[in-house]
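Below you'll find the structure, written out as structure tokens, and then a few comments.
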Amino acid sequence: GESVGLHLPTLSVQEGDNSIINCAYSNSASDYFIWYKQESGKGPQFIIDIRSNMDKRQGQRVTVLLNKTVKHLSLQIAATQPGDSAVYFCAERRGNTPLVFGKGTRLSVIA
Amino acid sequence: GAVVSQHPSRVICKSGTSVKIECRSLDFQATTMFWYRQFPKQSLMLMATSNEGSKATYEQGVEKDKFLINHASLTLSTLTVTSAHPEDSSFYICSASGPAAYEQYFGPGTRLTVT
């Protein structure tokens with residue numbers, strides 16, 4: 001099973017700066033990746049996804065980068081706002097198998 | 001986008017009792033539903049996968065007799081925590097996939113507290 005930690009890694013950024021949240025995934029056969037945002041007491045909220053045949057995808061203020069060589073995924077948030085404060089999870093899947101979630105990173109935006 | 005609802009959003013029950021959590025897909029037919037559990041400061045852990053009309057597939061370490069899952073229709077799945085104990089207190093989140101299967105939509109979660 002997955003190893004779990006007692007504390008989520010925390011990233012603190014100044015409002016207006018760019019944020020980069022990283023994720024190392026485990027399954028080299030995974031072909032679909034998603035970033036979710038989770039606010040306290042709520043379910044995960046879809047942010048952006050990317051398939052394994054791509055290495056970059058951009059959305060509104062967000063960019064996801066995929067490096068399959070080192071099994072690394074990152075989420076970049078431009079001009080971070082206080083409303084971006086939340087826990088961010090990467091998730092991976094292979095084919096139609098269920099999504100498997102990474103450990104999560106807490107983003108704290110300093111006004 | 002597709003909407004998944006859960007009911008109740010919060011429930012408190014006494015140790016030894018059972019509690020049922022409902023998960024509904026509101027605007028699409030969910031051929032597959034997933035149940036996750038999330039403890040404080042931790043990630044979502046998959047408990048089981050259910051296909052409409054079939055028995056659920058449980059992840060290793062999840063007791064199927066304790067966490068009863070019923071996926072009787074294409075819009076409803078229920079999770080019943082039987083003989084709940086304080087260690088079952090957690091945030092339970094359901095997710096659903098439609099016929100396209102690739103997208104997985106999440107519900108808002110249910111906070112279970114067992115006293």
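By convention here, the chains of the structure tokens are called A, B, ... in the order presented, each chain's residues are numbered starting at 1, and ligands are numbered starting at 1 in the order presented.
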Specify as a short mmCIF file (atom, residue, chain, number, x, y, z; two decimals) with N, CA, C and O atoms, in the first residue's frame all residues of chain A found within 12 Å of chain B, counting only C-alpha atoms.
data_model
loop_
_atom_site.label_atom_id
_atom_site.label_comp_id
_atom_site.auth_asym_id
_atom_site.auth_seq_id
_atom_site.Cartn_x
_atom_site.Cartn_y
_atom_site.Cartn_z
N GLY A 1 0.83 -1.20 0.00
CA GLY A 1 0.00 0.00 0.00
C GLY A 1 0.85 1.24 0.00
O GLY A 1 2.08 1.18 0.08
N GLU A 2 0.19 2.35 -0.11
CA GLU A 2 0.94 3.60 -0.13
C GLU A 2 1.49 3.90 1.25
O GLU A 2 0.89 3.60 2.25
N SER A 3 2.63 4.57 1.27
CA SER A 3 3.14 5.10 2.54
C SER A 3 2.48 6.45 2.75
O SER A 3 2.23 7.20 1.80
N VAL A 4 2.16 6.76 3.95
CA VAL A 4 1.51 8.03 4.21
C VAL A 4 2.30 8.78 5.26
O VAL A 4 2.91 8.19 6.12
N GLY A 5 2.28 10.06 5.18
CA GLY A 5 2.97 10.89 6.15
C GLY A 5 1.98 11.57 7.05
O GLY A 5 0.79 11.64 6.76
N LEU A 6 2.44 12.07 8.18
CA LEU A 6 1.58 12.74 9.13
C LEU A 6 1.37 14.19 8.76
O LEU A 6 0.46 14.82 9.24
N HIS A 7 2.24 14.75 7.96
CA HIS A 7 2.15 16.15 7.61
C HIS A 7 2.32 16.29 6.11
O HIS A 7 3.18 15.67 5.50
N LEU A 8 1.47 17.16 5.53
CA LEU A 8 1.61 17.43 4.12
C LEU A 8 2.74 18.42 3.91
O LEU A 8 2.89 19.38 4.67
N PRO A 9 3.53 18.26 2.85
CA PRO A 9 4.49 19.30 2.50
C PRO A 9 3.74 20.60 2.24
O PRO A 9 2.64 20.59 1.70
N THR A 10 4.36 21.69 2.63
CA THR A 10 3.71 22.99 2.46
C THR A 10 4.58 23.89 1.60
O THR A 10 5.79 23.94 1.77
N ASP A 31 -0.92 6.48 -18.06
CA ASP A 31 -1.04 7.21 -19.32
C ASP A 31 -1.92 8.45 -19.22
O ASP A 31 -2.19 9.13 -20.21
N TYR A 32 -2.37 8.74 -18.00
CA TYR A 32 -3.25 9.89 -17.84
C TYR A 32 -3.01 10.46 -16.45
O TYR A 32 -2.92 9.71 -15.47
N PHE A 33 -2.90 11.78 -16.39
CA PHE A 33 -2.56 12.43 -15.14
C PHE A 33 -3.47 13.64 -14.93
O PHE A 33 -3.81 14.35 -15.89
N ILE A 34 -3.83 13.85 -13.67
CA ILE A 34 -4.71 14.97 -13.34
C ILE A 34 -4.19 15.68 -12.10
O ILE A 34 -3.65 15.04 -11.19
N TYR A 36 -5.61 17.95 -8.97
CA TYR A 36 -6.82 18.35 -8.26
C TYR A 36 -6.48 19.36 -7.18
O TYR A 36 -5.40 19.33 -6.59
N LYS A 37 -7.44 20.21 -6.90
CA LYS A 37 -7.36 21.16 -5.79
C LYS A 37 -8.41 20.73 -4.77
O LYS A 37 -9.55 20.44 -5.13
N GLN A 38 -8.00 20.68 -3.50
CA GLN A 38 -8.96 20.32 -2.48
C GLN A 38 -8.94 21.35 -1.36
O GLN A 38 -7.91 21.54 -0.70
N GLU A 39 -10.06 21.99 -1.16
CA GLU A 39 -10.22 22.92 -0.05
C GLU A 39 -10.74 22.15 1.16
O GLU A 39 -11.31 21.07 1.03
N SER A 40 -10.55 22.73 2.31
CA SER A 40 -10.87 22.05 3.56
C SER A 40 -12.34 21.61 3.60
O SER A 40 -13.24 22.42 3.36
N GLY A 41 -12.56 20.33 3.86
CA GLY A 41 -13.92 19.82 4.00
C GLY A 41 -14.66 19.61 2.70
O GLY A 41 -15.87 19.35 2.71
N LYS A 42 -13.94 19.69 1.57
CA LYS A 42 -14.60 19.53 0.27
C LYS A 42 -13.95 18.40 -0.52
O LYS A 42 -12.86 17.95 -0.20
N GLY A 43 -14.64 17.99 -1.57
CA GLY A 43 -14.09 16.97 -2.44
C GLY A 43 -13.07 17.57 -3.40
O GLY A 43 -12.95 18.79 -3.51
N PRO A 44 -12.30 16.73 -4.08
CA PRO A 44 -11.31 17.23 -5.03
C PRO A 44 -11.97 17.95 -6.20
O PRO A 44 -13.01 17.53 -6.69
N GLN A 45 -11.32 19.01 -6.63
CA GLN A 45 -11.82 19.81 -7.74
C GLN A 45 -10.82 19.70 -8.89
O GLN A 45 -9.64 19.99 -8.71
N PHE A 46 -11.30 19.30 -10.06
CA PHE A 46 -10.43 19.15 -11.23
C PHE A 46 -9.80 20.49 -11.61
O PHE A 46 -10.46 21.53 -11.65
N ILE A 47 -8.48 20.44 -11.88
CA ILE A 47 -7.80 21.65 -12.35
C ILE A 47 -7.40 21.49 -13.81
O ILE A 47 -7.79 22.28 -14.67
N ILE A 48 -6.60 20.49 -14.08
CA ILE A 48 -6.08 20.29 -15.43
C ILE A 48 -5.59 18.86 -15.56
O ILE A 48 -5.21 18.24 -14.57
N ASP A 49 -5.64 18.35 -16.77
CA ASP A 49 -5.17 16.99 -17.00
C ASP A 49 -4.19 16.97 -18.17
O ASP A 49 -4.06 17.95 -18.92
N ILE A 50 -3.50 15.84 -18.29
CA ILE A 50 -2.57 15.68 -19.40
C ILE A 50 -2.42 14.19 -19.70
O ILE A 50 -2.40 13.36 -18.78
N ARG A 51 -2.35 13.86 -20.95
CA ARG A 51 -2.14 12.47 -21.34
C ARG A 51 -0.66 12.24 -21.57
O ARG A 51 0.11 13.18 -21.80
N ALA A 86 -4.90 25.96 -0.87
CA ALA A 86 -5.61 24.68 -0.79
C ALA A 86 -4.56 23.58 -0.75
O ALA A 86 -3.35 23.86 -0.77
N VAL A 87 -5.02 22.34 -0.74
CA VAL A 87 -4.12 21.20 -0.91
C VAL A 87 -4.25 20.72 -2.35
O VAL A 87 -5.36 20.61 -2.87
N TYR A 88 -3.13 20.48 -2.99
CA TYR A 88 -3.11 20.06 -4.39
C TYR A 88 -2.60 18.62 -4.47
O TYR A 88 -1.58 18.26 -3.89
N PHE A 89 -3.36 17.81 -5.20
CA PHE A 89 -2.99 16.41 -5.40
C PHE A 89 -2.78 16.14 -6.88
O PHE A 89 -3.57 16.58 -7.72
N CYS A 90 -1.75 15.36 -7.17
CA CYS A 90 -1.66 14.79 -8.51
C CYS A 90 -2.30 13.41 -8.44
O CYS A 90 -2.33 12.77 -7.38
N ALA A 91 -2.82 12.95 -9.56
CA ALA A 91 -3.40 11.62 -9.62
C ALA A 91 -3.02 11.01 -10.96
O ALA A 91 -2.86 11.71 -11.96
N GLU A 92 -2.84 9.71 -10.98
CA GLU A 92 -2.43 9.01 -12.20
C GLU A 92 -3.36 7.81 -12.41
O GLU A 92 -3.97 7.29 -11.48
N ARG A 93 -3.42 7.40 -13.66
CA ARG A 93 -4.15 6.17 -13.97
C ARG A 93 -3.56 5.53 -15.21
O ARG A 93 -2.91 6.20 -16.02
N ARG A 94 -3.84 4.25 -15.34
CA ARG A 94 -3.44 3.50 -16.52
C ARG A 94 -4.71 2.95 -17.14
O ARG A 94 -5.43 2.21 -16.49
N GLY A 95 -4.99 3.32 -18.37
CA GLY A 95 -6.20 2.85 -19.02
C GLY A 95 -7.43 3.30 -18.24
O GLY A 95 -7.54 4.45 -17.84
N ASN A 96 -8.34 2.35 -17.99
CA ASN A 96 -9.57 2.66 -17.27
C ASN A 96 -9.51 2.27 -15.80
O ASN A 96 -10.55 2.16 -15.15
N THR A 97 -8.33 2.04 -15.28
CA THR A 97 -8.21 1.72 -13.85
C THR A 97 -8.52 2.97 -13.03
O THR A 97 -8.46 4.10 -13.54
N PRO A 98 -8.84 2.81 -11.75
CA PRO A 98 -9.17 3.99 -10.92
C PRO A 98 -7.98 4.91 -10.75
O PRO A 98 -6.82 4.49 -10.79
N LEU A 99 -8.27 6.16 -10.52
CA LEU A 99 -7.22 7.14 -10.24
C LEU A 99 -6.52 6.79 -8.93
O LEU A 99 -7.15 6.44 -7.94
N VAL A 100 -5.21 6.93 -8.94
CA VAL A 100 -4.40 6.77 -7.74
C VAL A 100 -3.82 8.13 -7.40
O VAL A 100 -3.21 8.78 -8.25
N PHE A 101 -4.01 8.55 -6.18
CA PHE A 101 -3.62 9.89 -5.76
C PHE A 101 -2.23 9.92 -5.14
O PHE A 101 -1.84 9.00 -4.42
N GLY A 102 -1.51 10.99 -5.39
CA GLY A 102 -0.25 11.25 -4.72
C GLY A 102 -0.50 11.82 -3.33
O GLY A 102 -1.65 11.95 -2.89
N LYS A 103 0.57 12.16 -2.63
CA LYS A 103 0.46 12.53 -1.22
C LYS A 103 -0.11 13.92 -0.98
O LYS A 103 -0.64 14.20 0.07
N GLY A 104 0.02 14.82 -1.90
CA GLY A 104 -0.54 16.15 -1.73
C GLY A 104 0.46 17.18 -1.24
O GLY A 104 1.42 16.85 -0.53
N THR A 105 0.22 18.42 -1.61
CA THR A 105 1.02 19.56 -1.17
C THR A 105 0.08 20.67 -0.78
O THR A 105 -0.85 21.00 -1.52
N ARG A 106 0.34 21.26 0.39
CA ARG A 106 -0.49 22.38 0.82
C ARG A 106 0.12 23.68 0.30
O ARG A 106 1.29 23.97 0.54
#
Quiz prompt | All residues 10 Å or closer to B:Asp65, only C-alpha atoms, same chain fewer than 5 positions away omitted, as a PyMOL selection string | solution = chain B and resi 80-82
Those residues with all heavy atoms, as a PDB file, in the first residue's frame please?
ATOM      1  N   THR B  80     -22.255   1.481   3.034  1.00  0.00           N
ATOM      2  CA  THR B  80     -22.724   1.305   4.402  1.00  0.00           C
ATOM      3  C   THR B  80     -21.559   0.861   5.272  1.00  0.00           C
ATOM      4  O   THR B  80     -20.937  -0.179   4.996  1.00  0.00           O
ATOM      5  CB  THR B  80     -23.860   0.260   4.481  1.00  0.00           C
ATOM      6  OG1 THR B  80     -24.949   0.679   3.650  1.00  0.00           O
ATOM      7  CG2 THR B  80     -24.360   0.117   5.910  1.00  0.00           C
ATOM      8  N   VAL B  81     -21.280   1.666   6.280  1.00  0.00           N
ATOM      9  CA  VAL B  81     -20.250   1.314   7.250  1.00  0.00           C
ATOM     10  C   VAL B  81     -20.962   0.570   8.378  1.00  0.00           C
ATOM     11  O   VAL B  81     -21.776   1.159   9.104  1.00  0.00           O
ATOM     12  CB  VAL B  81     -19.526   2.562   7.785  1.00  0.00           C
ATOM     13  CG1 VAL B  81     -18.406   2.165   8.744  1.00  0.00           C
ATOM     14  CG2 VAL B  81     -18.983   3.398   6.635  1.00  0.00           C
ATOM     15  N   THR B  82     -20.692  -0.706   8.494  1.00  0.00           N
ATOM     16  CA  THR B  82     -21.385  -1.512   9.497  1.00  0.00           C
ATOM     17  C   THR B  82     -20.584  -1.576  10.790  1.00  0.00           C
ATOM     18  O   THR B  82     -19.347  -1.553  10.773  1.00  0.00           O
ATOM     19  CB  THR B  82     -21.627  -2.932   8.978  1.00  0.00           C
ATOM     20  OG1 THR B  82     -20.354  -3.559   8.746  1.00  0.00           O
ATOM     21  CG2 THR B  82     -22.424  -2.923   7.690  1.00  0.00           C
TER      22      THR B  82
END
Exercise. Give the answer as one residue: which of B:Gly98, B:Pro86, B:Gly16, B:Gly53 has the shortest atom-to-atom distance to B:Asn70, using only C-alpha atoms?
Key: B:Gly53
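Counting from atom CA of B:Asp27, the distance to atom CA of B:Pro8 is 19.1 Å.
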Name all residues at most 6 Å from A:Ala79 (count only C-alpha atoms; drop same-chain ones fewer than 3 positions away) and give them as a PDB file with N, CA, C and O atoms, in the first residue's frame.
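Saved to result.pdb:
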ATOM      1  N   GLY A  16       0.678  36.953  -6.006  1.00  0.00           N
ATOM      2  CA  GLY A  16       1.190  37.536  -7.246  1.00  0.00           C
ATOM      3  C   GLY A  16       2.372  36.781  -7.832  1.00  0.00           C
ATOM      4  O   GLY A  16       2.645  36.893  -9.031  1.00  0.00           O
ATOM      5  N   ASP A  17       3.058  36.014  -6.989  1.00  0.00           N
ATOM      6  CA  ASP A  17       4.168  35.210  -7.503  1.00  0.00           C
ATOM      7  C   ASP A  17       3.635  33.964  -8.197  1.00  0.00           C
ATOM      8  O   ASP A  17       2.460  33.613  -8.066  1.00  0.00           O
ATOM      9  N   ASN A  18       4.531  33.288  -8.909  1.00  0.00           N
ATOM     10  CA  ASN A  18       4.163  32.017  -9.525  1.00  0.00           C
ATOM     11  C   ASN A  18       4.437  30.871  -8.551  1.00  0.00           C
ATOM     12  O   ASN A  18       5.395  30.927  -7.776  1.00  0.00           O
TER      13      ASN A  18
END
Practice problem: Would you kindly return, as a PyMOL selection string, each protein, DNA or RNA residue with an atom no farther than 12 Å from any atom of B:Ala72, considering only C-alpha atoms and excluding same-chain residues fewer than 6 positions away? | Solution: chain B and resi 22-24+30-33+50-56+78-79
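Straight-line separation from atom CA of A:Ser108 to atom CA of B:Val4: 27.8 Å.
Residue nearest A:Gln76 within the list A:Asn22, A:Ser52, A:Asn27, A:Gln14: A:Asn22 [criterion: smallest interatomic distance, only C-alpha atoms].
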